Every structure is written in structure tokens, then in C-alpha cells.
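Next comes coords_23.tsv, with TSV, C-alpha atoms.
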chain	number	residue	atom	x	y	z
E	1	MET	CA	0.00	0.00	0.00
E	2	SER	CA	1.24	3.47	-0.83
E	3	GLN	CA	1.91	6.03	1.79
E	4	THR	CA	0.23	9.39	1.51
E	5	THR	CA	1.53	11.47	-1.32
E	6	ALA	CA	0.68	14.92	-2.56
E	7	ALA	CA	-2.13	14.95	-5.10
E	8	PRO	CA	-0.92	14.96	-8.67
E	9	ALA	CA	-2.17	18.30	-9.91
E	10	ASP	CA	-2.78	17.00	-13.41
E	11	LYS	CA	-5.26	14.30	-12.39
E	12	PRO	CA	-8.99	15.00	-12.11
E	13	TRP	CA	-10.56	14.43	-8.69
E	14	HIS	CA	-12.28	11.20	-9.65
E	15	GLU	CA	-9.02	9.61	-10.79
E	16	ILE	CA	-7.45	10.49	-7.45
E	17	VAL	CA	-10.35	8.90	-5.57
E	18	LEU	CA	-10.11	5.74	-7.68
E	19	ALA	CA	-6.35	5.49	-7.24
E	20	THR	CA	-6.62	6.01	-3.49
E	21	LEU	CA	-9.28	3.32	-3.13
E	22	LYS	CA	-7.09	0.94	-5.09
E	23	ALA	CA	-3.98	1.78	-3.08
E	24	ASN	CA	-5.92	0.89	0.08
E	25	ASP	CA	-7.30	-2.37	-1.32
E	26	VAL	CA	-10.91	-1.17	-1.28
E	27	LYS	CA	-12.36	-3.45	-3.94
E	28	LEU	CA	-16.14	-3.43	-3.47
E	29	ILE	CA	-18.01	-0.31	-4.56
E	30	VAL	CA	-21.79	-0.11	-4.15
E	31	TYR	CA	-23.54	3.06	-5.22
E	32	VAL	CA	-26.81	4.81	-5.79
E	33	PRO	CA	-26.29	6.89	-8.94
E	34	ASP	CA	-25.52	10.59	-8.91
E	35	ARG	CA	-24.80	12.91	-11.82
E	36	VAL	CA	-21.68	14.44	-10.28
E	37	LEU	CA	-20.24	10.98	-9.59
E	38	THR	CA	-20.88	9.74	-13.13
E	39	ARG	CA	-17.27	9.74	-14.29
E	40	LEU	CA	-16.01	8.14	-11.10
E	41	ILE	CA	-18.65	5.40	-11.35
E	42	ALA	CA	-17.84	4.79	-15.04
E	43	ALA	CA	-14.11	4.55	-14.31
E	44	LEU	CA	-14.72	2.13	-11.43
E	45	HIS	CA	-16.91	-0.05	-13.68
E	46	ALA	CA	-14.16	-0.05	-16.30
E	47	ASP	CA	-11.45	-1.20	-13.87
E	48	ALA	CA	-11.40	-4.97	-13.25
E	49	PHE	CA	-9.79	-4.42	-9.84
E	50	PHE	CA	-13.17	-3.32	-8.52
E	51	THR	CA	-16.48	-5.13	-8.03
E	52	VAL	CA	-19.01	-2.38	-8.72
E	53	PHE	CA	-22.79	-2.33	-8.74
E	54	ALA	CA	-25.80	-0.19	-7.94
E	55	ALA	CA	-28.07	-0.80	-4.97
E	56	THR	CA	-31.70	0.30	-4.92
E	57	ARG	CA	-31.27	2.28	-1.70
E	58	GLU	CA	-28.32	3.67	0.20
E	59	GLU	CA	-29.05	1.61	3.32
E	60	GLU	CA	-29.03	-1.53	1.19
E	61	ALA	CA	-25.55	-0.53	0.02
E	62	ILE	CA	-24.47	-0.04	3.64
E	63	GLY	CA	-25.70	-3.55	4.44
E	64	VAL	CA	-23.75	-5.04	1.55
E	65	ILE	CA	-20.43	-3.40	2.40
E	66	SER	CA	-20.91	-4.17	6.10
E	67	GLY	CA	-21.35	-7.85	5.31
E	68	ALA	CA	-18.39	-7.76	2.95
E	69	TYR	CA	-16.16	-6.13	5.57
E	70	MET	CA	-17.06	-8.79	8.11
E	71	ALA	CA	-16.11	-11.40	5.52
E	72	GLY	CA	-12.76	-9.79	4.76
E	73	LEU	CA	-13.47	-7.56	1.76
E	74	ARG	CA	-13.14	-3.77	1.96
E	75	GLY	CA	-15.93	-1.68	0.49
E	76	ALA	CA	-17.21	1.85	-0.05
E	77	VAL	CA	-20.60	3.39	-0.78
E	78	LEU	CA	-21.15	6.28	-3.19
E	79	MET	CA	-24.25	8.48	-2.97
E	80	GLN	CA	-25.56	12.02	-3.04
E	81	THR	CA	-26.72	14.18	-0.16
E	82	SER	CA	-30.39	13.20	-0.30
E	83	GLY	CA	-29.35	9.55	-0.21
E	84	PHE	CA	-27.32	10.13	2.92
E	85	ALA	CA	-30.50	11.42	4.55
E	86	THR	CA	-31.99	7.92	4.32
E	87	LEU	CA	-29.16	6.43	6.39
E	88	PRO	CA	-29.41	7.41	10.08
E	89	ASN	CA	-30.96	4.09	11.18
E	90	ALA	CA	-28.44	1.95	9.32
E	91	LEU	CA	-25.58	4.03	10.69
E	92	ALA	CA	-26.90	4.21	14.26
E	93	SER	CA	-28.03	0.60	14.59
E	94	LEU	CA	-25.50	-1.31	12.46
E	95	VAL	CA	-22.36	0.57	11.44
E	96	ALA	CA	-21.68	2.59	14.59
E	97	PRO	CA	-22.51	0.03	17.32
E	98	SER	CA	-20.86	-2.84	15.44
E	99	GLN	CA	-17.80	-0.66	14.78
E	100	ILE	CA	-17.70	-1.28	11.05
E	101	PRO	CA	-15.24	0.82	9.03
E	102	ALA	CA	-17.70	1.80	6.32
E	103	LEU	CA	-16.38	4.31	3.79
E	104	LEU	CA	-19.02	6.72	2.49
E	105	PHE	CA	-18.51	9.18	-0.35
E	106	VAL	CA	-21.26	11.79	-0.56
E	107	SER	CA	-21.57	14.11	-3.53
E	108	GLU	CA	-22.75	17.31	-1.88
E	109	ARG	CA	-25.85	19.00	-3.19
E	110	GLY	CA	-27.95	21.66	-1.54
E	111	THR	CA	-25.31	24.36	-1.38
E	112	LEU	CA	-23.17	26.66	-3.55
E	113	GLY	CA	-25.71	27.18	-6.28
E	114	GLU	CA	-28.42	24.63	-5.52
E	115	PHE	CA	-31.59	25.14	-7.54
E	116	ASN	CA	-33.85	22.64	-5.75
E	117	LEU	CA	-35.26	23.74	-2.39
E	118	GLY	CA	-35.75	20.12	-1.29
E	119	GLN	CA	-32.07	19.40	-1.88
E	120	ALA	CA	-31.07	22.54	0.00
E	121	LEU	CA	-33.11	21.51	3.04
E	122	VAL	CA	-32.13	17.84	3.12
E	123	ALA	CA	-28.47	18.84	2.93
E	124	LYS	CA	-28.84	20.67	6.23
E	125	THR	CA	-29.63	17.38	7.99
E	126	MET	CA	-26.35	15.70	7.02
E	127	ARG	CA	-23.72	17.21	9.33
E	128	PRO	CA	-25.98	17.29	12.41
E	129	VAL	CA	-26.62	13.54	11.94
E	130	LEU	CA	-22.93	12.81	11.57
E	131	ASP	CA	-22.07	14.96	14.58
E	132	ALA	CA	-24.81	13.36	16.69
E	133	LEU	CA	-23.33	9.93	15.96
E	134	ALA	CA	-19.75	11.20	16.33
E	135	ILE	CA	-18.90	9.82	12.91
E	136	GLU	CA	-15.65	11.12	11.42
E	137	ASN	CA	-16.42	13.27	8.39
E	138	HIS	CA	-14.49	15.54	6.08
E	139	THR	CA	-15.81	18.08	3.64
E	140	ILE	CA	-13.31	18.09	0.82
E	141	THR	CA	-13.11	21.38	-1.09
E	142	ARG	CA	-9.52	21.43	-2.34
E	143	HIS	CA	-8.01	19.27	-5.05
E	144	ASP	CA	-4.56	19.42	-3.46
E	145	GLU	CA	-5.89	18.01	-0.19
E	146	LEU	CA	-8.03	15.23	-1.66
E	147	ALA	CA	-5.52	12.38	-1.77
E	148	PHE	CA	-4.14	13.18	1.69
E	149	ILE	CA	-7.56	13.33	3.35
E	150	VAL	CA	-8.97	10.23	1.68
E	151	ASP	CA	-5.86	8.08	2.01
E	152	ARG	CA	-5.17	8.95	5.65
E	153	SER	CA	-8.83	8.65	6.62
E	154	ILE	CA	-9.27	5.24	5.01
E	155	LYS	CA	-6.23	4.00	6.91
E	156	GLN	CA	-7.62	5.48	10.13
E	157	ALA	CA	-11.03	3.89	9.52
E	158	TYR	CA	-9.61	0.37	9.29
E	159	ALA	CA	-7.09	0.90	12.07
E	160	THR	CA	-9.77	2.13	14.48
E	161	GLN	CA	-12.78	0.14	13.17
E	162	ALA	CA	-14.73	3.34	12.61
E	163	PRO	CA	-16.77	4.65	9.67
E	164	VAL	CA	-15.73	7.77	7.78
E	165	VAL	CA	-17.71	10.05	5.48
E	166	PHE	CA	-16.17	12.06	2.68
E	167	ILE	CA	-18.38	14.97	1.62
E	168	LEU	CA	-17.30	15.98	-1.86
E	169	SER	CA	-18.00	19.72	-2.13
E	170	PRO	CA	-18.98	21.42	-5.39
E	171	LEU	CA	-15.74	23.36	-4.89
E	172	LEU	CA	-13.96	20.06	-5.66
E	173	THR	CA	-16.30	18.43	-8.16
E	174	GLY	CA	-17.94	21.39	-9.86
E	175	GLY	CA	-21.28	20.21	-8.51
E	176	LYS	CA	-24.52	20.04	-10.43
E	177	VAL	CA	-25.54	23.26	-12.08
E	178	PHE	CA	-28.95	24.42	-13.16
E	179	ALA	CA	-29.41	24.25	-16.91
E	180	ALA	CA	-31.14	27.60	-17.40
Q	1	MET	CA	-59.01	-12.16	-2.73
Q	2	SER	CA	-57.78	-15.54	-1.61
Q	3	ASN	CA	-54.25	-16.59	-2.42
Q	4	ALA	CA	-53.13	-20.17	-2.95
Q	5	PHE	CA	-50.18	-19.72	-0.60
Q	6	HIS	CA	-52.58	-19.31	2.29
Q	7	ASN	CA	-53.37	-23.02	2.05
Q	8	LEU	CA	-49.80	-23.93	3.01
Q	9	LYS	CA	-49.09	-25.62	6.31
Q	10	VAL	CA	-48.41	-23.19	9.13
Q	11	MET	CA	-45.15	-24.24	10.78
Q	12	SER	CA	-42.89	-23.24	13.67
Q	13	ARG	CA	-40.00	-20.84	13.04
Q	14	LEU	CA	-37.92	-22.39	15.83
Q	15	ASP	CA	-38.47	-25.91	14.51
Q	16	LEU	CA	-37.61	-24.89	10.95
Q	17	THR	CA	-34.56	-22.96	12.15
Q	18	ARG	CA	-33.34	-26.11	13.92
Q	19	ARG	CA	-33.91	-28.12	10.76
Q	20	ALA	CA	-32.03	-25.56	8.65
Q	21	VAL	CA	-29.05	-25.37	11.01
Q	22	ALA	CA	-28.88	-29.18	11.18
Q	23	LEU	CA	-28.34	-29.24	7.40
Q	24	LEU	CA	-25.26	-26.99	7.58
Q	25	LYS	CA	-22.14	-29.14	7.12
Q	26	HIS	CA	-19.58	-26.74	5.66
Q	27	ASP	CA	-19.30	-23.83	8.11
Q	28	GLU	CA	-21.92	-21.89	6.20
Q	29	ALA	CA	-22.47	-18.32	7.35
Q	30	VAL	CA	-25.92	-17.52	8.72
Q	31	ILE	CA	-27.29	-14.00	9.06
Q	32	GLY	CA	-30.13	-13.88	11.59
Q	33	GLY	CA	-32.48	-10.98	10.84
Q	34	ILE	CA	-33.59	-8.44	13.41
Q	35	GLY	CA	-35.88	-9.73	16.15
Q	36	ASN	CA	-37.49	-13.15	16.13
Q	37	ALA	CA	-35.40	-14.53	13.25
Q	38	ASN	CA	-32.19	-14.13	15.22
Q	39	PHE	CA	-33.75	-14.95	18.60
Q	40	ASP	CA	-34.66	-18.40	17.32
Q	41	LEU	CA	-31.27	-18.74	15.60
Q	42	TRP	CA	-29.61	-17.97	18.95
Q	43	GLU	CA	-31.77	-20.61	20.61
Q	44	THR	CA	-30.49	-23.28	18.21
Q	45	GLY	CA	-26.93	-22.77	19.50
Q	46	GLN	CA	-24.33	-20.10	18.94
Q	47	ARG	CA	-22.40	-21.28	15.91
Q	48	PRO	CA	-19.34	-19.04	15.36
Q	49	GLN	CA	-20.52	-18.55	11.77
Q	50	ASN	CA	-23.76	-16.90	12.92
Q	51	PHE	CA	-24.32	-13.13	12.80
Q	52	TYR	CA	-27.18	-11.74	14.87
Q	53	MET	CA	-28.71	-8.41	13.83
Q	54	LEU	CA	-29.65	-6.11	16.68
Q	55	GLY	CA	-30.91	-3.28	14.46
Q	56	SER	CA	-30.98	-2.09	10.84
Q	57	MET	CA	-34.33	-3.71	9.99
Q	58	GLY	CA	-34.45	-4.82	6.37
Q	59	LEU	CA	-30.70	-5.31	5.91
Q	60	THR	CA	-30.46	-9.06	6.50
Q	61	ILE	CA	-30.30	-9.95	2.82
Q	62	PRO	CA	-27.97	-7.04	1.90
Q	63	ILE	CA	-25.55	-8.10	4.68
Q	64	ALA	CA	-25.74	-11.72	3.50
Q	65	LEU	CA	-25.10	-10.58	-0.08
Q	66	GLY	CA	-21.97	-8.75	1.06
Q	67	VAL	CA	-20.67	-11.86	2.84
Q	68	ALA	CA	-21.49	-14.00	-0.22
Q	69	ILE	CA	-19.58	-11.67	-2.55
Q	70	ALA	CA	-16.59	-11.50	-0.23
Q	71	GLN	CA	-16.39	-15.27	0.28
Q	72	PRO	CA	-17.70	-16.97	-2.86
Q	73	LYS	CA	-16.60	-20.42	-1.64
Q	74	ARG	CA	-18.69	-20.20	1.54
Q	75	HIS	CA	-22.46	-20.58	1.39
Q	76	VAL	CA	-24.45	-17.85	3.14
Q	77	VAL	CA	-27.97	-18.22	4.55
Q	78	ALA	CA	-30.12	-15.20	5.38
Q	79	LEU	CA	-33.00	-15.73	7.82
Q	80	GLU	CA	-35.47	-12.88	7.36
Q	81	GLY	CA	-39.02	-12.02	8.39
Q	82	ASP	CA	-41.81	-10.95	6.06
Q	83	GLY	CA	-42.12	-7.49	7.60
Q	84	SER	CA	-38.38	-6.83	7.36
Q	85	LEU	CA	-38.20	-8.00	3.76
Q	86	LEU	CA	-41.19	-5.87	2.78
Q	87	MET	CA	-39.23	-2.87	4.07
Q	88	GLN	CA	-36.36	-3.50	1.64
Q	89	LEU	CA	-37.83	-5.36	-1.34
Q	90	GLY	CA	-35.40	-3.68	-3.74
Q	91	CYS	CA	-32.61	-5.86	-2.39
Q	92	LEU	CA	-34.16	-8.86	-4.15
Q	93	THR	CA	-33.57	-7.17	-7.50
Q	94	THR	CA	-29.96	-6.50	-6.56
Q	95	VAL	CA	-29.45	-10.14	-5.52
Q	96	ALA	CA	-30.95	-11.30	-8.81
Q	97	MET	CA	-28.64	-9.08	-10.83
Q	98	GLN	CA	-25.52	-10.10	-8.89
Q	99	ALA	CA	-26.69	-13.73	-8.86
Q	100	PRO	CA	-24.34	-15.14	-6.22
Q	101	LYS	CA	-24.43	-18.94	-6.39
Q	102	ASN	CA	-23.75	-19.19	-2.67
Q	103	LEU	CA	-26.73	-17.29	-1.22
Q	104	THR	CA	-29.92	-18.76	0.25
Q	105	MET	CA	-32.66	-16.48	1.55
Q	106	VAL	CA	-35.19	-17.93	3.96
Q	107	VAL	CA	-38.28	-15.84	4.66
Q	108	TRP	CA	-40.39	-16.56	7.74
Q	109	ASP	CA	-43.87	-15.35	6.81
Q	110	ASN	CA	-46.30	-15.11	9.72
Q	111	GLY	CA	-48.28	-12.30	8.12
Q	112	ILE	CA	-47.73	-10.05	11.12
Q	113	TYR	CA	-45.29	-7.65	12.68
Q	114	GLN	CA	-45.25	-10.02	15.66
Q	115	ILE	CA	-42.74	-8.20	17.81
Q	116	THR	CA	-44.51	-4.84	17.70
Q	117	GLY	CA	-47.97	-6.13	18.58
Q	118	SER	CA	-48.91	-8.46	15.74
Q	119	GLN	CA	-50.19	-5.84	13.32
Q	120	PRO	CA	-50.90	-7.38	9.88
Q	121	THR	CA	-48.30	-7.26	7.10
Q	122	ALA	CA	-49.26	-7.12	3.44
Q	123	SER	CA	-48.33	-10.80	3.14
Q	124	LYS	CA	-51.22	-11.68	5.44
Q	125	SER	CA	-53.72	-10.81	2.73
Q	126	THR	CA	-52.46	-9.67	-0.64
Q	127	ALA	CA	-48.68	-9.91	-1.12
Q	128	ASP	CA	-47.08	-13.23	-2.14
Q	129	ILE	CA	-43.41	-13.21	-1.10
Q	130	VAL	CA	-42.43	-15.94	-3.56
Q	131	ALA	CA	-44.20	-14.26	-6.48
Q	132	ILE	CA	-42.42	-11.01	-5.57
Q	133	ALA	CA	-39.04	-12.79	-5.49
Q	134	ARG	CA	-39.67	-14.44	-8.84
Q	135	GLY	CA	-40.72	-11.10	-10.26
Q	136	ALA	CA	-37.50	-9.60	-8.96
Q	137	GLY	CA	-35.59	-12.17	-10.99
Q	138	ILE	CA	-34.87	-14.90	-8.45
Q	139	ALA	CA	-36.02	-17.96	-10.37
Q	140	ASN	CA	-35.25	-20.40	-7.57
Q	141	SER	CA	-38.01	-19.15	-5.29
Q	142	ALA	CA	-40.49	-21.49	-3.66
Q	143	TRP	CA	-42.95	-21.91	-0.83
Q	144	ALA	CA	-42.25	-24.82	1.51
Q	145	ALA	CA	-45.49	-26.76	1.78
Q	146	ASP	CA	-44.41	-28.56	4.95
Q	147	GLU	CA	-41.33	-29.37	7.03
Q	148	ASP	CA	-40.20	-32.15	4.74
Q	149	GLU	CA	-40.32	-29.95	1.68
Q	150	PHE	CA	-38.55	-27.16	3.57
Q	151	GLU	CA	-35.62	-29.49	4.22
Q	152	LYS	CA	-35.55	-30.63	0.59
Q	153	LEU	CA	-35.55	-27.03	-0.63
Q	154	MET	CA	-32.75	-26.17	1.82
Q	155	VAL	CA	-30.61	-29.08	0.64
Q	156	ARG	CA	-31.09	-28.04	-2.97
Q	157	ALA	CA	-30.34	-24.39	-2.19
Q	158	LEU	CA	-27.18	-25.24	-0.24
Q	159	ASP	CA	-25.94	-27.11	-3.29
Q	160	GLY	CA	-25.06	-23.70	-4.68
Q	161	GLY	CA	-26.79	-23.50	-8.03
Q	162	GLY	CA	-27.71	-19.86	-7.69
Q	163	PRO	CA	-29.44	-17.52	-5.32
Q	164	SER	CA	-32.49	-19.22	-3.82
Q	165	LEU	CA	-35.42	-17.98	-1.79
Q	166	ILE	CA	-37.45	-20.28	0.42
Q	167	ALA	CA	-40.56	-18.93	2.08
Q	168	ALA	CA	-42.39	-20.68	4.89
Q	169	ARG	CA	-45.70	-19.84	6.50
Q	170	ILE	CA	-45.11	-19.79	10.24
Q	171	ASP	CA	-47.25	-19.26	13.31
Q	172	GLY	CA	-47.46	-16.09	15.37
Q	173	GLU	CA	-45.25	-17.27	18.22
Q	174	PRO	CA	-42.47	-14.94	19.41
Q	175	GLY	CA	-38.83	-15.94	19.15
Q	176	VAL	CA	-37.48	-18.00	22.03
Q	177	GLY	CA	-33.78	-17.19	22.50
Q	178	LYS	CA	-32.26	-14.14	24.18
Q	179	THR	CA	-29.52	-12.91	21.88
Q	180	GLU	CA	-26.54	-11.28	23.59
Q	181	ARG	CA	-26.86	-7.49	23.22
Q	182	ASP	CA	-23.24	-6.80	22.36
Q	183	PRO	CA	-22.84	-5.76	18.70
Q	184	VAL	CA	-19.04	-5.56	18.81
Q	185	ALA	CA	-18.73	-9.02	20.37
Q	186	ILE	CA	-21.18	-10.44	17.83
Q	187	ARG	CA	-19.29	-8.86	14.94
Q	188	ALA	CA	-15.88	-10.01	16.18
Q	189	SER	CA	-17.10	-13.55	16.87
Q	190	PHE	CA	-18.67	-13.79	13.42
Q	191	MET	CA	-15.49	-12.51	11.74
Q	192	ARG	CA	-13.41	-15.13	13.53
Q	193	GLY	CA	-16.01	-17.76	12.73
Q	194	ILE	CA	-15.71	-17.13	9.01
Q	195	ALA	CA	-11.93	-16.64	9.09
Q	196	ALA	CA	-11.96	-12.93	8.33
Q	197	LYS	CA	-10.21	-12.11	11.59
Q	198	LYS	CA	-7.66	-13.93	13.75
Would you mind writing the structure in this file as C-alpha cells?
Amino acid sequence: MSQTTAAPADKPWHEIVLATLKANDVKLIVYVPDRVLTRLIAALHADAFFTVFAATREEEAIGVISGAYMAGLRGAVLMQTSGFATLPNALASLVAPSQIPALLFVSERGTLGEFNLGQALVAKTMRPVLDALAIENHTITRHDELAFIVDRSIKQAYATQAPVVFILSPLLTGGKVFAA
Amino acid sequence: MSNAFHNLKVMSRLDLTRRAVALLKHDEAVIGGIGNANFDLWETGQRPQNFYMLGSMGLTIPIALGVAIAQPKRHVVALEGDGSLLMQLGCLTTVAMQAPKNLTMVVWDNGIYQITGSQPTASKSTADIVAIARGAGIANSAWAADEDEFEKLMVRALDGGGPSLIAARIDGEPGVGKTERDPVAIRASFMRGIAAKK
């Protein structure tokens, strides 16, 4: 496994995420689709290192990667903000009490140019839920910090048997913009 | 509307759980769903390969799918209730698409949310769990007409030909065992039991 390195400035964010997952032997990726994550999901599907598929709900994806972790396979879940809002029960009654190092990547909507009021409101529930459960979470805004935060936090998650949530800000990804 | 599956024999979850566990010869993993499903699994003896859910209603089959993907050479059995499955029906479509050969889903259908006061589930009157599973793409889905057929279906499912779902009509009795309320201990024991942790 590679040690933390500075982010290559010439790589797009999704390539850095993919490379960091691979470097940490995270092979199982379960997602609920999101427009901003499209290129990451396509690249993961195209790479035979990964087992990648969609779940019908985010909590279903949490169940799958929790089972996989207990059976020796590392996994991550990809989703958008509104999907995270469906997760408090699965996090509070499975992941947190069982101390499962679930890796969650959340494409952040609801801020920095959101055009849908529902998205803006549901986004406000995310950090209070994470704080209430004392779940480690990082909002990633800077390309040059991405590899460091993700790599170090994945290592910490497995070393401490604790989940971690990566909130991918529109400042990093460009976000989803309103087609006027 | 009367459904044919209502004519099936009403059996005992604890008895069928004992029969299922007795058929396990290869350290198969068993995921006991929230509530009565895992209480009766606990009562049959604490195999190290058993995982007992203390929360996350509806995630029995997703957890079992994750174990099955991670360890394709080990068979995985999910024991789930009708109410829990109805909460997360989409997972059946995911199982069908992934089609793990080493996954068996057993659904205990008493037609009630027994543990919360026996309110009726949709499967009491209108929903047919096996028809739903077949519609989701799980071809090997069947009702067990009686205990003997349940055992035959289990033997066939454990043979590993593809994901299977076995549904059984059961009575309204509560689960018997008292599962240890220690999620970390349960997780660690299960991981050692299936050789994912030393």
C-alpha cells in the first residue's frame, strides 16, 4: 500500500479517488447513482480491480459493504446528499454500534448554487446527523488536499474500526448546475 | 381475494430454524435478521458462523449478499421475516442481478409484525413473497409446503446453483432465544467464525 503522497495536480478528482481506493485495497463499490459521480462510477466499472454495482437504496448498500467487511473484503458506498439522509438508522443501529469501518462518499448537493429547495433543506440534515453519531467526516473542497484526506482517513477507519464520510463539495467536483 | 399460498401448512419458526441449522455441514455463514429470526437462531446454539442483527431492519439480505460476494466459496444463509423484507424489497432485484451462487434467503412469513404487537403485514392478505421474489428475478423461489419440503428445498439451495429464496408460512409465536446485546462481540465472533479475523 502506498503512503500518503501529494495529489498529482494534473489528475482530475475522480481519478485520485479511484487510485486512493485501489492503493488501500478497497475493492467493493456499491452506489446509488448521482450525476456528479458519473465519471467516477464509469471509471470504477471499467477497472477490473473493482467489483461495482448499484443498490436500490443507500441503506441496502451499507448492508452489503458491512457484510463484505465482516467477511474480509473492503468496500465503499457512493451516494448524493439526499441519499445520505436515508441512512441514520443503518448508521446508528449497524455501522456505529458494530464498529464497522464503512467508507461513504457523498456528492454534496444543496449548497453553492443549488436550484432545488428540497435538496437545499435535506443537505442541512447531514452534518448534524454525523455529529450526533460522532462519525468522522471531512468536507473536501480542495483538489490538493483530496488524496491526503482520503488516504489517511481510510487507513484510520480500518485501524480504528470506525466509519468515515467524505463529503465531496462542489468546490472540488464542480457540482450540479442548473441548466437555465 | 384468496391466495393459494394461504393453504400452506403453518409451521414453527424455531423448529424450521433447527432443521435448517442441522443441514449446515460446511461452516456456512448464517445472518439472523432483526428480532425473532435471530432470537430463534440464537436458541439453536451459537455457531461461530452466525451473525445476529440487533438493528438495521431490512438489511439481513444485503448483509448476506456482502458476505457472499466477499467469500464466494462459503455458502451464506439469510433468515429474514416478512415485515423486514417488505421494508427492503429492492434488495431482491440486486441479488438477482448479482446472482451469487452461494446465497440462500429464507423468509419466515407469519403475516404479522409479531414483535410490535402483531399488526398485519401485506403478506397476510395480498402480497405473495415468492411471487415477488420471482418477479425480482430470483427464479429459484419457492414456498415450503411442509417441514419435509422445507428441508428438501434447503438441501437443494445449499448445493449452490444460484441464489435461492425459500418462504415458509409460520405461526405467530415470538422468538425464544435471548440474543446477547453486544454488537461488537457479535461482529468479532462472526469474523473469527468465518476466518476474516484472527
Quick one: residues within 6 Å of region 157-174 of chain Q, all atoms listed in the file, excluding same-chain residues fewer than 4 positions away - as a list in words? Val10, Met11, Ser12, Arg13, Ala99, Pro100, Lys101, Asn102, Leu103, Thr104, Met105, Val106, Val107, Trp108, Asp109, Asn110, Asn140, Ser141, Ala142, Trp143 and Ala144 of chain Q
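Take CA of Phe53 (chain E) and CA of Ala37 (chain Q): the distance between them is 28.1 Å.
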Requested in this report: For chain E, list the residues within 9 Å of chain Q, counting only C-alpha atoms, and write the list as a ChimeraX atom specification.
Outcome: /E:28,53-57,59-74,89-94,97-100
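Atom pair CA of Ala123 (chain E) / CA of Gly175 (chain E): separated by 13.6 Å.
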In Å, how far is it from CA of Glu180 (chain Q) to CA of Asp27 (chain Q)?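 It comes out at 21.2 Å.
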| Test item: residues at most 8 Å from Leu146 (chain E), all atoms listed in the file, excluding those fewer than 6 positions along its chain, as a list in words |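 Selected residues are Ala7, Trp13, Ile16, Val17 and Ile140 of chain E.
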Requested in this report: List the neighbours of region 44-50 of chain E out to 9 Å using all atoms listed in the file; skip same-chain residues closer than 5 positions along the sequence, and give me the result as a VMD selection string.
Outcome: chain E and resid 18 22 26 to 29 39
Neighbours of point (-20.6, -23.8, 18.9) within 12 Å, using all atoms listed in the file, written as a PyMOL selection string
chain Q and resi 21+27+42-50+189-190+193
Excluding Leu37 (chain E) and its own-chain neighbours fewer than 2 positions away, which residues fall within 9 Å of it when counting all atoms listed in the file? Please give them as a list in words.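 Selected residues are His14, Pro33, Asp34, Arg35, Arg39, Leu40, Ile41, Ala42, Leu78, Met79, Gln80, Ser107 and Thr173 of chain E.
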Write the residues of the preceding selection, restricted to C-alpha atoms, as a compact mmCIF listing (two decimals), in the coordinates of the input.
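Written file, result_10.txt:
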# COMPACT_ATOMS: atom_id res chain seq x y z
CA HIS E 14 -12.28 11.20 -9.65
CA PRO E 33 -26.29 6.89 -8.94
CA ASP E 34 -25.52 10.59 -8.91
CA ARG E 35 -24.80 12.91 -11.82
CA ARG E 39 -17.27 9.74 -14.29
CA LEU E 40 -16.01 8.14 -11.10
CA ILE E 41 -18.65 5.40 -11.35
CA ALA E 42 -17.84 4.79 -15.04
CA LEU E 78 -21.15 6.28 -3.19
CA MET E 79 -24.25 8.48 -2.97
CA GLN E 80 -25.56 12.02 -3.04
CA SER E 107 -21.57 14.11 -3.53
CA THR E 173 -16.30 18.43 -8.16
### Spatial neighbours of region 124-130 of chain Q, max dist 6 Å, all atoms listed in the file, sep filter under 2 positions, as a VMD selection string
chain Q and resid 111 121 to 122 132 to 133 141 to 142
Given 4 Å on each side, where is the centre and what are the edge lengths in Å to one decimal of the axis-aligned box enclosing the listed atoms of region 30-39 of chain Q, as lines of an AutoDock Vina configuration file?
center_x = -31.7
center_y = -13.0
center_z = 13.7
size_x = 19.6
size_y = 17.1
size_z = 17.9
Counting all atoms listed in the file, the residue among Q:Val176, Q:Asp40, Q:Gly83, Q:Val76 that lies closest to Leu16 (chain Q) is Q:Asp40
